[in-house]
$ cat structure-v1.cif   # mmCIF, N, CA and C atoms
data_data
#
loop_
_atom_site.label_atom_id
_atom_site.label_comp_id
_atom_site.auth_asym_id
_atom_site.auth_seq_id
_atom_site.Cartn_x
_atom_site.Cartn_y
_atom_site.Cartn_z
N MET A 1261 14.25 -12.89 -10.48
CA MET A 1261 13.03 -12.49 -11.18
C MET A 1261 11.84 -13.21 -10.54
N TYR A 1262 10.75 -12.54 -10.51
CA TYR A 1262 9.54 -13.10 -9.90
C TYR A 1262 8.64 -13.72 -10.96
N GLU A 1263 7.70 -14.51 -10.49
CA GLU A 1263 6.64 -15.03 -11.35
C GLU A 1263 5.34 -14.99 -10.57
N LEU A 1264 4.24 -15.13 -11.28
CA LEU A 1264 2.92 -15.16 -10.66
C LEU A 1264 2.34 -16.56 -10.82
N ARG A 1265 1.76 -17.04 -9.74
CA ARG A 1265 1.03 -18.31 -9.84
C ARG A 1265 -0.37 -18.10 -9.30
N LYS A 1266 -1.29 -18.88 -9.83
CA LYS A 1266 -2.68 -18.80 -9.39
C LYS A 1266 -2.78 -19.25 -7.93
N ALA A 1267 -3.48 -18.47 -7.13
CA ALA A 1267 -3.68 -18.85 -5.72
C ALA A 1267 -4.60 -20.07 -5.64
N ASN A 1268 -4.43 -20.85 -4.58
CA ASN A 1268 -5.29 -22.01 -4.37
C ASN A 1268 -5.73 -22.05 -2.90
N GLU A 1269 -6.52 -23.04 -2.57
CA GLU A 1269 -7.09 -23.16 -1.22
C GLU A 1269 -6.03 -23.10 -0.12
N SER A 1270 -4.87 -23.67 -0.37
CA SER A 1270 -3.84 -23.68 0.66
C SER A 1270 -3.23 -22.30 0.90
N ASP A 1271 -3.55 -21.33 0.05
CA ASP A 1271 -3.03 -19.97 0.19
C ASP A 1271 -3.95 -19.04 0.98
N ILE A 1272 -5.13 -19.48 1.35
CA ILE A 1272 -6.13 -18.59 1.96
C ILE A 1272 -5.59 -17.90 3.22
N GLN A 1273 -4.97 -18.64 4.12
CA GLN A 1273 -4.46 -18.01 5.35
C GLN A 1273 -3.36 -17.00 5.05
N LEU A 1274 -2.49 -17.31 4.10
CA LEU A 1274 -1.44 -16.39 3.70
C LEU A 1274 -2.04 -15.11 3.12
N LEU A 1275 -3.04 -15.25 2.27
CA LEU A 1275 -3.69 -14.08 1.66
C LEU A 1275 -4.39 -13.22 2.72
N LYS A 1276 -5.02 -13.86 3.68
CA LYS A 1276 -5.66 -13.10 4.76
C LYS A 1276 -4.61 -12.33 5.56
N LYS A 1277 -3.49 -12.98 5.83
CA LYS A 1277 -2.40 -12.32 6.57
C LYS A 1277 -1.89 -11.11 5.79
N TYR A 1278 -1.68 -11.29 4.50
CA TYR A 1278 -1.20 -10.18 3.67
C TYR A 1278 -2.19 -9.02 3.67
N LYS A 1279 -3.47 -9.32 3.48
CA LYS A 1279 -4.48 -8.26 3.40
C LYS A 1279 -4.59 -7.51 4.73
N LEU A 1280 -4.63 -8.25 5.83
CA LEU A 1280 -4.71 -7.59 7.14
C LEU A 1280 -3.46 -6.76 7.41
N SER A 1281 -2.30 -7.26 7.02
CA SER A 1281 -1.06 -6.53 7.22
C SER A 1281 -1.10 -5.22 6.44
N THR A 1282 -1.55 -5.26 5.21
CA THR A 1282 -1.67 -4.05 4.39
C THR A 1282 -2.56 -3.02 5.06
N ILE A 1283 -3.70 -3.46 5.54
CA ILE A 1283 -4.65 -2.53 6.15
C ILE A 1283 -4.11 -1.97 7.45
N PHE A 1284 -3.64 -2.81 8.34
CA PHE A 1284 -3.25 -2.35 9.66
C PHE A 1284 -1.92 -1.61 9.68
N GLN A 1285 -1.04 -1.85 8.70
CA GLN A 1285 0.21 -1.09 8.63
C GLN A 1285 -0.05 0.36 8.26
N LEU A 1286 -1.12 0.61 7.53
CA LEU A 1286 -1.33 1.94 6.96
C LEU A 1286 -2.52 2.68 7.53
N THR A 1287 -3.01 2.24 8.66
CA THR A 1287 -4.13 2.94 9.30
C THR A 1287 -3.78 3.22 10.75
N ASP A 1288 -4.26 4.34 11.23
CA ASP A 1288 -4.04 4.73 12.62
C ASP A 1288 -5.38 4.80 13.34
N ASP A 1289 -5.32 4.71 14.65
CA ASP A 1289 -6.50 4.97 15.48
C ASP A 1289 -7.74 4.18 15.08
N ILE A 1290 -7.59 2.88 14.94
CA ILE A 1290 -8.73 2.03 14.62
C ILE A 1290 -9.37 1.58 15.93
N SER A 1291 -10.67 1.74 16.00
CA SER A 1291 -11.39 1.27 17.19
C SER A 1291 -11.45 -0.25 17.16
N SER A 1292 -11.70 -0.85 18.30
CA SER A 1292 -11.80 -2.31 18.35
C SER A 1292 -12.97 -2.80 17.50
N THR A 1293 -14.04 -2.02 17.44
CA THR A 1293 -15.19 -2.38 16.60
C THR A 1293 -14.79 -2.37 15.13
N GLU A 1294 -14.10 -1.31 14.72
CA GLU A 1294 -13.66 -1.20 13.33
C GLU A 1294 -12.66 -2.30 12.99
N GLU A 1295 -11.77 -2.61 13.92
CA GLU A 1295 -10.80 -3.69 13.69
C GLU A 1295 -11.51 -5.02 13.48
N GLN A 1296 -12.55 -5.28 14.28
CA GLN A 1296 -13.31 -6.52 14.13
C GLN A 1296 -14.04 -6.56 12.80
N GLU A 1297 -14.59 -5.43 12.37
CA GLU A 1297 -15.29 -5.36 11.08
C GLU A 1297 -14.32 -5.64 9.93
N ILE A 1298 -13.11 -5.10 10.03
CA ILE A 1298 -12.10 -5.32 9.00
C ILE A 1298 -11.73 -6.80 8.94
N LYS A 1299 -11.52 -7.41 10.09
CA LYS A 1299 -11.18 -8.84 10.12
C LYS A 1299 -12.30 -9.69 9.52
N GLU A 1300 -13.55 -9.36 9.83
CA GLU A 1300 -14.68 -10.09 9.26
C GLU A 1300 -14.74 -9.91 7.74
N TYR A 1301 -14.50 -8.68 7.29
CA TYR A 1301 -14.48 -8.40 5.85
C TYR A 1301 -13.41 -9.25 5.16
N VAL A 1302 -12.21 -9.28 5.72
CA VAL A 1302 -11.11 -10.04 5.12
C VAL A 1302 -11.43 -11.53 5.13
N ASN A 1303 -11.92 -12.05 6.25
CA ASN A 1303 -12.28 -13.47 6.33
C ASN A 1303 -13.33 -13.86 5.31
N ASP A 1304 -14.23 -12.93 5.00
CA ASP A 1304 -15.30 -13.19 4.04
C ASP A 1304 -14.83 -12.99 2.60
N SER A 1305 -14.07 -11.93 2.34
CA SER A 1305 -13.74 -11.56 0.96
C SER A 1305 -12.64 -12.41 0.32
N VAL A 1306 -11.62 -12.77 1.08
CA VAL A 1306 -10.50 -13.50 0.50
C VAL A 1306 -10.94 -14.82 -0.15
N PRO A 1307 -11.70 -15.68 0.55
CA PRO A 1307 -12.12 -16.92 -0.12
C PRO A 1307 -12.99 -16.67 -1.36
N LYS A 1308 -13.81 -15.64 -1.33
CA LYS A 1308 -14.67 -15.33 -2.48
C LYS A 1308 -13.86 -14.91 -3.71
N LEU A 1309 -12.74 -14.26 -3.47
CA LEU A 1309 -11.91 -13.76 -4.57
C LEU A 1309 -10.71 -14.66 -4.88
N LEU A 1310 -10.65 -15.81 -4.26
CA LEU A 1310 -9.48 -16.69 -4.37
C LEU A 1310 -9.08 -16.95 -5.82
N ASN A 1311 -10.06 -17.18 -6.70
CA ASN A 1311 -9.75 -17.50 -8.10
C ASN A 1311 -9.11 -16.35 -8.85
N GLU A 1312 -9.19 -15.14 -8.31
CA GLU A 1312 -8.61 -13.98 -8.98
C GLU A 1312 -7.25 -13.59 -8.41
N TYR A 1313 -6.90 -14.12 -7.24
CA TYR A 1313 -5.61 -13.80 -6.62
C TYR A 1313 -4.47 -14.51 -7.34
N LYS A 1314 -3.35 -13.81 -7.40
CA LYS A 1314 -2.09 -14.40 -7.86
C LYS A 1314 -1.10 -14.28 -6.71
N ILE A 1315 -0.31 -15.32 -6.53
CA ILE A 1315 0.77 -15.30 -5.55
C ILE A 1315 2.04 -14.90 -6.28
N ILE A 1316 2.77 -13.95 -5.72
CA ILE A 1316 4.04 -13.52 -6.29
C ILE A 1316 5.12 -14.44 -5.70
N VAL A 1317 5.88 -15.06 -6.59
CA VAL A 1317 6.87 -16.06 -6.19
C VAL A 1317 8.24 -15.65 -6.73
N GLU A 1318 9.26 -15.75 -5.87
CA GLU A 1318 10.64 -15.53 -6.31
C GLU A 1318 11.50 -16.62 -5.70
N ASN A 1319 12.28 -17.27 -6.53
CA ASN A 1319 13.14 -18.38 -6.08
C ASN A 1319 12.35 -19.41 -5.26
N GLU A 1320 11.18 -19.75 -5.75
CA GLU A 1320 10.31 -20.76 -5.15
C GLU A 1320 9.76 -20.37 -3.78
N HIS A 1321 9.85 -19.08 -3.42
CA HIS A 1321 9.29 -18.59 -2.16
C HIS A 1321 8.15 -17.63 -2.44
N ASP A 1322 7.05 -17.78 -1.70
CA ASP A 1322 5.94 -16.85 -1.81
C ASP A 1322 6.37 -15.55 -1.15
N ILE A 1323 6.31 -14.46 -1.92
CA ILE A 1323 6.79 -13.17 -1.40
C ILE A 1323 5.69 -12.11 -1.38
N GLY A 1324 4.51 -12.43 -1.87
CA GLY A 1324 3.43 -11.45 -1.88
C GLY A 1324 2.25 -11.93 -2.70
N CYS A 1325 1.33 -11.00 -2.93
CA CYS A 1325 0.15 -11.34 -3.73
C CYS A 1325 -0.29 -10.14 -4.57
N PHE A 1326 -1.07 -10.44 -5.58
CA PHE A 1326 -1.58 -9.45 -6.51
C PHE A 1326 -3.02 -9.83 -6.83
N LEU A 1327 -3.91 -8.84 -6.74
CA LEU A 1327 -5.33 -9.09 -7.02
C LEU A 1327 -5.81 -8.04 -8.00
N LEU A 1328 -6.23 -8.49 -9.17
CA LEU A 1328 -6.76 -7.62 -10.21
C LEU A 1328 -8.18 -8.09 -10.51
N THR A 1329 -9.14 -7.17 -10.39
CA THR A 1329 -10.55 -7.53 -10.61
C THR A 1329 -11.16 -6.61 -11.65
N ASN A 1330 -12.30 -7.03 -12.19
CA ASN A 1330 -13.06 -6.18 -13.10
C ASN A 1330 -13.70 -5.06 -12.30
N TYR A 1331 -13.74 -3.86 -12.89
CA TYR A 1331 -14.36 -2.73 -12.22
C TYR A 1331 -14.85 -1.75 -13.28
N GLU A 1332 -16.14 -1.49 -13.28
CA GLU A 1332 -16.77 -0.56 -14.21
C GLU A 1332 -16.22 -0.74 -15.62
N ASP A 1333 -15.54 0.28 -16.17
CA ASP A 1333 -15.05 0.24 -17.55
C ASP A 1333 -13.61 -0.23 -17.66
N GLY A 1334 -13.09 -0.84 -16.60
CA GLY A 1334 -11.68 -1.26 -16.64
C GLY A 1334 -11.37 -2.32 -15.61
N LYS A 1335 -10.20 -2.19 -15.03
CA LYS A 1335 -9.72 -3.13 -14.01
C LYS A 1335 -9.41 -2.37 -12.73
N LEU A 1336 -9.52 -3.09 -11.62
CA LEU A 1336 -9.18 -2.53 -10.31
C LEU A 1336 -8.02 -3.34 -9.75
N ILE A 1337 -6.91 -2.65 -9.46
CA ILE A 1337 -5.83 -3.30 -8.73
C ILE A 1337 -6.29 -3.29 -7.28
N ASP A 1338 -6.84 -4.40 -6.86
CA ASP A 1338 -7.46 -4.50 -5.55
C ASP A 1338 -6.43 -4.69 -4.46
N GLU A 1339 -5.31 -5.33 -4.82
CA GLU A 1339 -4.28 -5.53 -3.81
C GLU A 1339 -2.94 -5.85 -4.46
N ILE A 1340 -1.92 -5.21 -3.92
CA ILE A 1340 -0.53 -5.59 -4.18
C ILE A 1340 0.12 -5.64 -2.81
N TYR A 1341 0.66 -6.79 -2.48
CA TYR A 1341 1.36 -6.92 -1.21
C TYR A 1341 2.68 -7.61 -1.47
N LEU A 1342 3.74 -7.07 -0.89
CA LEU A 1342 5.05 -7.69 -0.95
C LEU A 1342 5.62 -7.75 0.46
N GLU A 1343 6.28 -8.86 0.76
CA GLU A 1343 6.99 -8.98 2.03
C GLU A 1343 7.99 -7.83 2.10
N ASN A 1344 8.26 -7.34 3.30
CA ASN A 1344 9.12 -6.16 3.49
C ASN A 1344 10.43 -6.23 2.73
N GLU A 1345 11.11 -7.37 2.78
CA GLU A 1345 12.44 -7.45 2.17
C GLU A 1345 12.40 -7.42 0.64
N TYR A 1346 11.20 -7.51 0.04
CA TYR A 1346 11.08 -7.48 -1.41
C TYR A 1346 10.53 -6.15 -1.92
N ARG A 1347 10.26 -5.23 -1.02
CA ARG A 1347 9.76 -3.91 -1.41
C ARG A 1347 10.93 -3.06 -1.91
N GLY A 1348 10.61 -2.15 -2.80
CA GLY A 1348 11.62 -1.25 -3.32
C GLY A 1348 12.55 -1.88 -4.35
N LYS A 1349 12.20 -3.05 -4.85
CA LYS A 1349 13.03 -3.75 -5.84
C LYS A 1349 12.42 -3.72 -7.23
N GLY A 1350 11.33 -2.95 -7.39
CA GLY A 1350 10.73 -2.81 -8.72
C GLY A 1350 9.64 -3.81 -9.05
N ILE A 1351 9.35 -4.72 -8.16
CA ILE A 1351 8.34 -5.75 -8.45
C ILE A 1351 6.95 -5.12 -8.56
N GLY A 1352 6.58 -4.29 -7.59
CA GLY A 1352 5.28 -3.63 -7.63
C GLY A 1352 5.15 -2.74 -8.85
N THR A 1353 6.20 -1.98 -9.14
CA THR A 1353 6.20 -1.11 -10.32
C THR A 1353 6.01 -1.93 -11.58
N ASP A 1354 6.69 -3.06 -11.67
CA ASP A 1354 6.57 -3.94 -12.84
C ASP A 1354 5.15 -4.48 -12.98
N LEU A 1355 4.55 -4.92 -11.87
CA LEU A 1355 3.18 -5.43 -11.91
C LEU A 1355 2.20 -4.36 -12.40
N ILE A 1356 2.36 -3.14 -11.89
CA ILE A 1356 1.46 -2.05 -12.28
C ILE A 1356 1.70 -1.66 -13.73
N SER A 1357 2.96 -1.54 -14.13
CA SER A 1357 3.29 -1.18 -15.51
C SER A 1357 2.73 -2.20 -16.50
N ASN A 1358 2.87 -3.49 -16.16
CA ASN A 1358 2.31 -4.53 -17.03
C ASN A 1358 0.79 -4.42 -17.11
N THR A 1359 0.16 -4.09 -15.99
CA THR A 1359 -1.30 -3.98 -15.97
C THR A 1359 -1.76 -2.81 -16.83
N ILE A 1360 -1.13 -1.64 -16.67
CA ILE A 1360 -1.58 -0.49 -17.45
C ILE A 1360 -1.22 -0.61 -18.93
N SER A 1361 -0.26 -1.46 -19.26
CA SER A 1361 0.06 -1.68 -20.67
C SER A 1361 -0.99 -2.58 -21.34
N LYS A 1362 -1.71 -3.37 -20.55
CA LYS A 1362 -2.71 -4.30 -21.08
C LYS A 1362 -4.12 -3.73 -21.10
N TYR A 1363 -4.41 -2.78 -20.20
CA TYR A 1363 -5.78 -2.28 -20.05
C TYR A 1363 -5.79 -0.76 -20.18
N ASN A 1364 -6.83 -0.25 -20.84
CA ASN A 1364 -6.94 1.19 -21.06
C ASN A 1364 -7.31 1.97 -19.81
N VAL A 1365 -8.05 1.33 -18.91
CA VAL A 1365 -8.50 2.00 -17.70
C VAL A 1365 -8.20 1.09 -16.50
N VAL A 1366 -7.48 1.64 -15.53
CA VAL A 1366 -7.12 0.89 -14.33
C VAL A 1366 -7.35 1.78 -13.12
N TYR A 1367 -7.96 1.22 -12.09
CA TYR A 1367 -8.25 1.94 -10.85
C TYR A 1367 -7.49 1.29 -9.70
N LEU A 1368 -7.32 2.07 -8.62
CA LEU A 1368 -6.79 1.51 -7.39
C LEU A 1368 -7.11 2.44 -6.23
N TRP A 1369 -7.11 1.88 -5.03
CA TRP A 1369 -7.20 2.64 -3.79
C TRP A 1369 -5.83 2.65 -3.16
N VAL A 1370 -5.48 3.76 -2.51
CA VAL A 1370 -4.21 3.83 -1.80
C VAL A 1370 -4.41 4.64 -0.52
N TYR A 1371 -3.80 4.17 0.55
CA TYR A 1371 -3.85 4.91 1.81
C TYR A 1371 -3.00 6.16 1.69
N LYS A 1372 -3.49 7.27 2.20
CA LYS A 1372 -2.78 8.54 2.14
C LYS A 1372 -1.42 8.45 2.82
N GLN A 1373 -1.29 7.62 3.81
CA GLN A 1373 -0.02 7.45 4.53
C GLN A 1373 1.05 6.77 3.67
N ASN A 1374 0.62 6.11 2.60
CA ASN A 1374 1.53 5.35 1.74
C ASN A 1374 2.13 6.29 0.69
N LYS A 1375 2.96 7.22 1.16
CA LYS A 1375 3.50 8.30 0.32
C LYS A 1375 4.32 7.76 -0.86
N GLU A 1376 5.11 6.72 -0.63
CA GLU A 1376 5.93 6.17 -1.72
C GLU A 1376 5.06 5.60 -2.84
N ALA A 1377 4.00 4.90 -2.47
CA ALA A 1377 3.10 4.34 -3.47
C ALA A 1377 2.40 5.46 -4.25
N ILE A 1378 1.98 6.49 -3.56
CA ILE A 1378 1.30 7.61 -4.22
C ILE A 1378 2.23 8.26 -5.24
N LYS A 1379 3.50 8.46 -4.87
CA LYS A 1379 4.47 9.03 -5.81
C LYS A 1379 4.60 8.14 -7.05
N LEU A 1380 4.67 6.82 -6.83
CA LEU A 1380 4.77 5.89 -7.95
C LEU A 1380 3.54 5.99 -8.84
N TYR A 1381 2.36 5.95 -8.25
CA TYR A 1381 1.13 5.98 -9.05
C TYR A 1381 1.03 7.27 -9.86
N LYS A 1382 1.40 8.39 -9.25
CA LYS A 1382 1.37 9.67 -9.98
C LYS A 1382 2.39 9.65 -11.13
N ARG A 1383 3.56 9.08 -10.87
CA ARG A 1383 4.57 8.97 -11.92
C ARG A 1383 4.07 8.13 -13.10
N LEU A 1384 3.23 7.13 -12.79
CA LEU A 1384 2.66 6.26 -13.83
C LEU A 1384 1.37 6.84 -14.42
N ASN A 1385 1.07 8.09 -14.09
CA ASN A 1385 -0.07 8.83 -14.64
C ASN A 1385 -1.43 8.44 -14.09
N PHE A 1386 -1.47 7.92 -12.86
CA PHE A 1386 -2.75 7.76 -12.17
C PHE A 1386 -3.16 9.13 -11.64
N LYS A 1387 -4.44 9.42 -11.69
CA LYS A 1387 -4.99 10.68 -11.19
C LYS A 1387 -5.97 10.38 -10.06
N ILE A 1388 -6.00 11.26 -9.07
CA ILE A 1388 -6.93 11.10 -7.96
C ILE A 1388 -8.34 11.42 -8.45
N GLU A 1389 -9.23 10.46 -8.25
CA GLU A 1389 -10.63 10.61 -8.65
C GLU A 1389 -11.52 10.94 -7.46
N LEU A 1390 -11.16 10.41 -6.30
CA LEU A 1390 -11.99 10.52 -5.11
C LEU A 1390 -11.07 10.50 -3.90
N GLU A 1391 -11.47 11.21 -2.87
CA GLU A 1391 -10.68 11.25 -1.64
C GLU A 1391 -11.59 10.98 -0.45
N THR A 1392 -11.14 10.08 0.42
CA THR A 1392 -11.83 9.86 1.68
C THR A 1392 -10.92 10.39 2.79
N GLU A 1393 -11.31 10.19 4.00
CA GLU A 1393 -10.49 10.65 5.11
C GLU A 1393 -9.11 10.00 5.12
N THR A 1394 -9.06 8.72 4.72
CA THR A 1394 -7.80 7.98 4.84
C THR A 1394 -7.20 7.52 3.51
N ARG A 1395 -7.97 7.58 2.42
CA ARG A 1395 -7.49 6.99 1.17
C ARG A 1395 -7.80 7.86 -0.04
N TYR A 1396 -7.07 7.57 -1.13
CA TYR A 1396 -7.37 8.13 -2.44
C TYR A 1396 -7.83 7.00 -3.35
N PHE A 1397 -8.78 7.30 -4.22
CA PHE A 1397 -9.19 6.40 -5.29
C PHE A 1397 -8.60 7.00 -6.55
N MET A 1398 -7.74 6.23 -7.22
CA MET A 1398 -7.01 6.76 -8.37
C MET A 1398 -7.36 6.00 -9.64
N LYS A 1399 -7.20 6.71 -10.77
CA LYS A 1399 -7.55 6.14 -12.07
C LYS A 1399 -6.43 6.42 -13.06
N TYR A 1400 -6.10 5.39 -13.81
CA TYR A 1400 -5.19 5.51 -14.95
C TYR A 1400 -6.05 5.35 -16.20
N GLU A 1401 -5.84 6.24 -17.14
CA GLU A 1401 -6.59 6.14 -18.40
C GLU A 1401 -5.62 6.34 -19.53
N ASN A 1402 -5.58 5.37 -20.45
CA ASN A 1402 -4.67 5.42 -21.59
C ASN A 1402 -5.24 6.31 -22.67
#

$ encode --input "structure-v1.cif" --output "structure tokens"
Amino acid sequence: MYELRKANESDIQLLKKYKLSTIFQLTDDISSTEEQEIKEYVNDSVPKLLNEYKIIVENEHDIGCFLLTNYEDGKLIDEIYLENEYRGKGIGTDLISNTISKYNVVYLWVYKQNKEAIKLYKRLNFKIELETETRYFMKYEN
């Protein structure tokens, strides 16, 4: 079973690695300029949001992160990242289910290439609100 712990200063590099991995695993054809902009964004945003990050821990090992922020009339699941070997074990589903059970309105972005995540979000009653070239913005409303 996993637990969540509050992220701290010593987690910043790990969080940056997780965020960059999420972005670059699910995007194609990124120009070097765009790649640099993404890296700058991550280097800037992770420390600013550090107090809101949670580290996902199982058996005393850091296995991922979860970021939930305030957004408009609800919450935004800004990031869920799990190490490869911990994916598909229900941890992400559990995190999302717990979140939607606590809040009436929850938003998230998902890359269109992330077909498994999209199926999960639709199963949990998230609806597509907005579409970009590469991502969907989805909303859950209780």

$ select_by_dssp --input "structure-v1.cif" --residues "region 1263-1399 of chain A" --states "alpha helix (DSSP H)" --output "PyMOL selection string"
chain A and resi 1272-1285+1292-1308+1351-1362+1375-1383

$ resolve_selection --input "structure-v1.cif" --expression "the PyMOL selection byres ((chain A and resi 1339) around 6)" --output "mmCIF file with N, CA and C atoms, keeping the file's coordinate frame"
data_model
loop_
_atom_site.group_PDB
_atom_site.id
_atom_site.type_symbol
_atom_site.label_atom_id
_atom_site.label_comp_id
_atom_site.auth_asym_id
_atom_site.auth_seq_id
_atom_site.Cartn_x
_atom_site.Cartn_y
_atom_site.Cartn_z
ATOM 1 N N CYS A 1325 1.330 -11.000 -2.930
ATOM 2 C CA CYS A 1325 0.150 -11.340 -3.730
ATOM 3 C C CYS A 1325 -0.290 -10.140 -4.570
ATOM 4 N N PHE A 1326 -1.070 -10.440 -5.580
ATOM 5 C CA PHE A 1326 -1.580 -9.450 -6.510
ATOM 6 C C PHE A 1326 -3.020 -9.830 -6.830
ATOM 7 N N LEU A 1327 -3.910 -8.840 -6.740
ATOM 8 C CA LEU A 1327 -5.330 -9.090 -7.020
ATOM 9 C C LEU A 1327 -5.810 -8.040 -8.000
ATOM 10 N N LEU A 1328 -6.230 -8.490 -9.170
ATOM 11 C CA LEU A 1328 -6.760 -7.620 -10.210
ATOM 12 C C LEU A 1328 -8.180 -8.090 -10.510
ATOM 13 N N LEU A 1336 -9.520 -3.090 -11.620
ATOM 14 C CA LEU A 1336 -9.180 -2.530 -10.310
ATOM 15 C C LEU A 1336 -8.020 -3.340 -9.750
ATOM 16 N N ILE A 1337 -6.910 -2.650 -9.460
ATOM 17 C CA ILE A 1337 -5.830 -3.300 -8.730
ATOM 18 C C ILE A 1337 -6.290 -3.290 -7.280
ATOM 19 N N ASP A 1338 -6.840 -4.400 -6.860
ATOM 20 C CA ASP A 1338 -7.460 -4.500 -5.550
ATOM 21 C C ASP A 1338 -6.430 -4.690 -4.460
ATOM 22 N N ILE A 1340 -1.920 -5.210 -3.920
ATOM 23 C CA ILE A 1340 -0.530 -5.590 -4.180
ATOM 24 C C ILE A 1340 0.120 -5.640 -2.810
ATOM 25 N N TYR A 1341 0.660 -6.790 -2.480
ATOM 26 C CA TYR A 1341 1.360 -6.920 -1.210
ATOM 27 C C TYR A 1341 2.680 -7.610 -1.470
#

$ closest_residue --input "structure-v1.cif" --among "A:Glu1263, A:Ser1305, A:Asn1374, A:Asn1402" --to "Ile1323 (chain A)" --atoms "only C-alpha atoms"
A:Glu1263

$ residues_around --input "structure-v1.cif" --residues "region 1357-1359 of chain A" --least-positions-apart "5" --cutoff "12 Å" --atoms "only C-alpha atoms" --output "list in words"
Phe1326, Leu1327, Leu1328, Thr1329, Gly1334, Lys1335, Leu1336, Ile1337, Ile1340, Gly1350, Ile1351, Gly1352, Asn1364, Val1365, Val1366, Tyr1367, Leu1368, Leu1380, Tyr1381, Arg1383, Leu1384, Asn1385, Phe1386, Tyr1400, Glu1401 and Asn1402 of chain A

$ residues_around --input "structure-v1.cif" --residues "region 1273-1276 of chain A" --least-positions-apart "6" --cutoff "8 Å" --atoms "only C-alpha atoms" --output "list in words"
Val1302, Asn1303, Val1306 and Cys1325 of chain A

$ select_by_dssp --input "structure-v1.cif" --residues "region 1272-1355 of chain A" --states "strand (DSSP E or B)" --output "ChimeraX atom specification"
/A:1313-1318,1321-1331,1334-1342

$ closest_residue --input "structure-v1.cif" --among "A:Ser1270, A:Gln1373, A:Asn1311, A:Gln1285" --to "Arg1395 (chain A)" --atoms "all atoms listed in the file"
A:Gln1373

$ closest_residue --input "structure-v1.cif" --among "A:Met1398, A:Tyr1301, A:Asn1268, A:Asp1289" --to "Lys1379 (chain A)" --atoms "only C-alpha atoms"
A:Met1398

$ closest_residue --input "structure-v1.cif" --among "A:Leu1309, A:Ile1315, A:Ile1290, A:Ile1298" --to "Arg1265 (chain A)" --atoms "only C-alpha atoms"
A:Ile1315

$ atom_distance --input "structure-v1.cif" --atom1 "atom C of Glu1295 (chain A)" --atom2 "CA of Thr1282 (chain A)"
13.4 Å

$ atom_distance --input "structure-v1.cif" --atom1 "atom C of Val1317 (chain A)" --atom2 "atom N of Val1370 (chain A)"
24.1 Å

$ atom_distance --input "structure-v1.cif" --atom1 "atom N of Asp1304 (chain A)" --atom2 "atom N of Ser1281 (chain A)"
13.4 Å

$ resolve_selection --input "structure-v1.cif" --expression "the PyMOL selection byres (((chain A and resi 1372 and name CA) around 10) and name CA)" --output "number ranges by chain"
A: 1286-1287, 1369-1371, 1373-1378, 1391-1396

$ resolve_selection --input "structure-v1.cif" --expression "the PyMOL selection byres (((chain A and resi 1319 and name CA) around 8) and name CA)" --output "PDB file with N, CA and C atoms, in the frame of the given file"
ATOM      1  N   MET A1261      14.250 -12.890 -10.480  1.00  0.00           N
ATOM      2  CA  MET A1261      13.030 -12.490 -11.180  1.00  0.00           C
ATOM      3  C   MET A1261      11.840 -13.210 -10.540  1.00  0.00           C
ATOM      4  N   TYR A1262      10.750 -12.540 -10.510  1.00  0.00           N
ATOM      5  CA  TYR A1262       9.540 -13.100  -9.900  1.00  0.00           C
ATOM      6  C   TYR A1262       8.640 -13.720 -10.960  1.00  0.00           C
ATOM      7  N   VAL A1317       5.880 -15.060  -6.590  1.00  0.00           N
ATOM      8  CA  VAL A1317       6.870 -16.060  -6.190  1.00  0.00           C
ATOM      9  C   VAL A1317       8.240 -15.650  -6.730  1.00  0.00           C
ATOM     10  N   GLU A1318       9.260 -15.750  -5.870  1.00  0.00           N
ATOM     11  CA  GLU A1318      10.640 -15.530  -6.310  1.00  0.00           C
ATOM     12  C   GLU A1318      11.500 -16.620  -5.700  1.00  0.00           C
ATOM     13  N   GLU A1320      11.180 -19.750  -5.750  1.00  0.00           N
ATOM     14  CA  GLU A1320      10.310 -20.760  -5.150  1.00  0.00           C
ATOM     15  C   GLU A1320       9.760 -20.370  -3.780  1.00  0.00           C
ATOM     16  N   HIS A1321       9.850 -19.080  -3.420  1.00  0.00           N
ATOM     17  CA  HIS A1321       9.290 -18.590  -2.160  1.00  0.00           C
ATOM     18  C   HIS A1321       8.150 -17.630  -2.440  1.00  0.00           C
TER      19      HIS A1321
END

$ decode --input "structure-v1.cif" --residues "region 1270-1275 of chain A" --atoms "N, CA, C and O atoms" --output "mmCIF file, in the first residue's frame"
data_model
loop_
_atom_site.group_PDB
_atom_site.id
_atom_site.type_symbol
_atom_site.label_atom_id
_atom_site.label_comp_id
_atom_site.auth_asym_id
_atom_site.auth_seq_id
_atom_site.Cartn_x
_atom_site.Cartn_y
_atom_site.Cartn_z
ATOM 1 N N SER A 1270 14.598 18.682 -0.536
ATOM 2 C CA SER A 1270 15.444 17.616 -1.071
ATOM 3 C C SER A 1270 14.766 16.837 -2.203
ATOM 4 O O SER A 1270 15.409 16.036 -2.869
ATOM 5 N N ASP A 1271 13.480 17.076 -2.432
ATOM 6 C CA ASP A 1271 12.740 16.389 -3.492
ATOM 7 C C ASP A 1271 12.708 17.162 -4.811
ATOM 8 O O ASP A 1271 12.197 16.652 -5.811
ATOM 9 N N ILE A 1272 13.221 18.374 -4.848
ATOM 10 C CA ILE A 1272 13.070 19.230 -6.036
ATOM 11 C C ILE A 1272 13.616 18.561 -7.297
ATOM 12 O O ILE A 1272 12.934 18.539 -8.333
ATOM 13 N N GLN A 1273 14.808 17.997 -7.245
ATOM 14 C CA GLN A 1273 15.371 17.376 -8.448
ATOM 15 C C GLN A 1273 14.548 16.171 -8.896
ATOM 16 O O GLN A 1273 14.326 15.965 -10.093
ATOM 17 N N LEU A 1274 14.064 15.384 -7.953
ATOM 18 C CA LEU A 1274 13.218 14.244 -8.272
ATOM 19 C C LEU A 1274 11.919 14.714 -8.940
ATOM 20 O O LEU A 1274 11.498 14.151 -9.954
ATOM 21 N N LEU A 1275 11.315 15.757 -8.403
ATOM 22 C CA LEU A 1275 10.070 16.286 -8.978
ATOM 23 C C LEU A 1275 10.291 16.830 -10.388
ATOM 24 O O LEU A 1275 9.460 16.620 -11.272
#
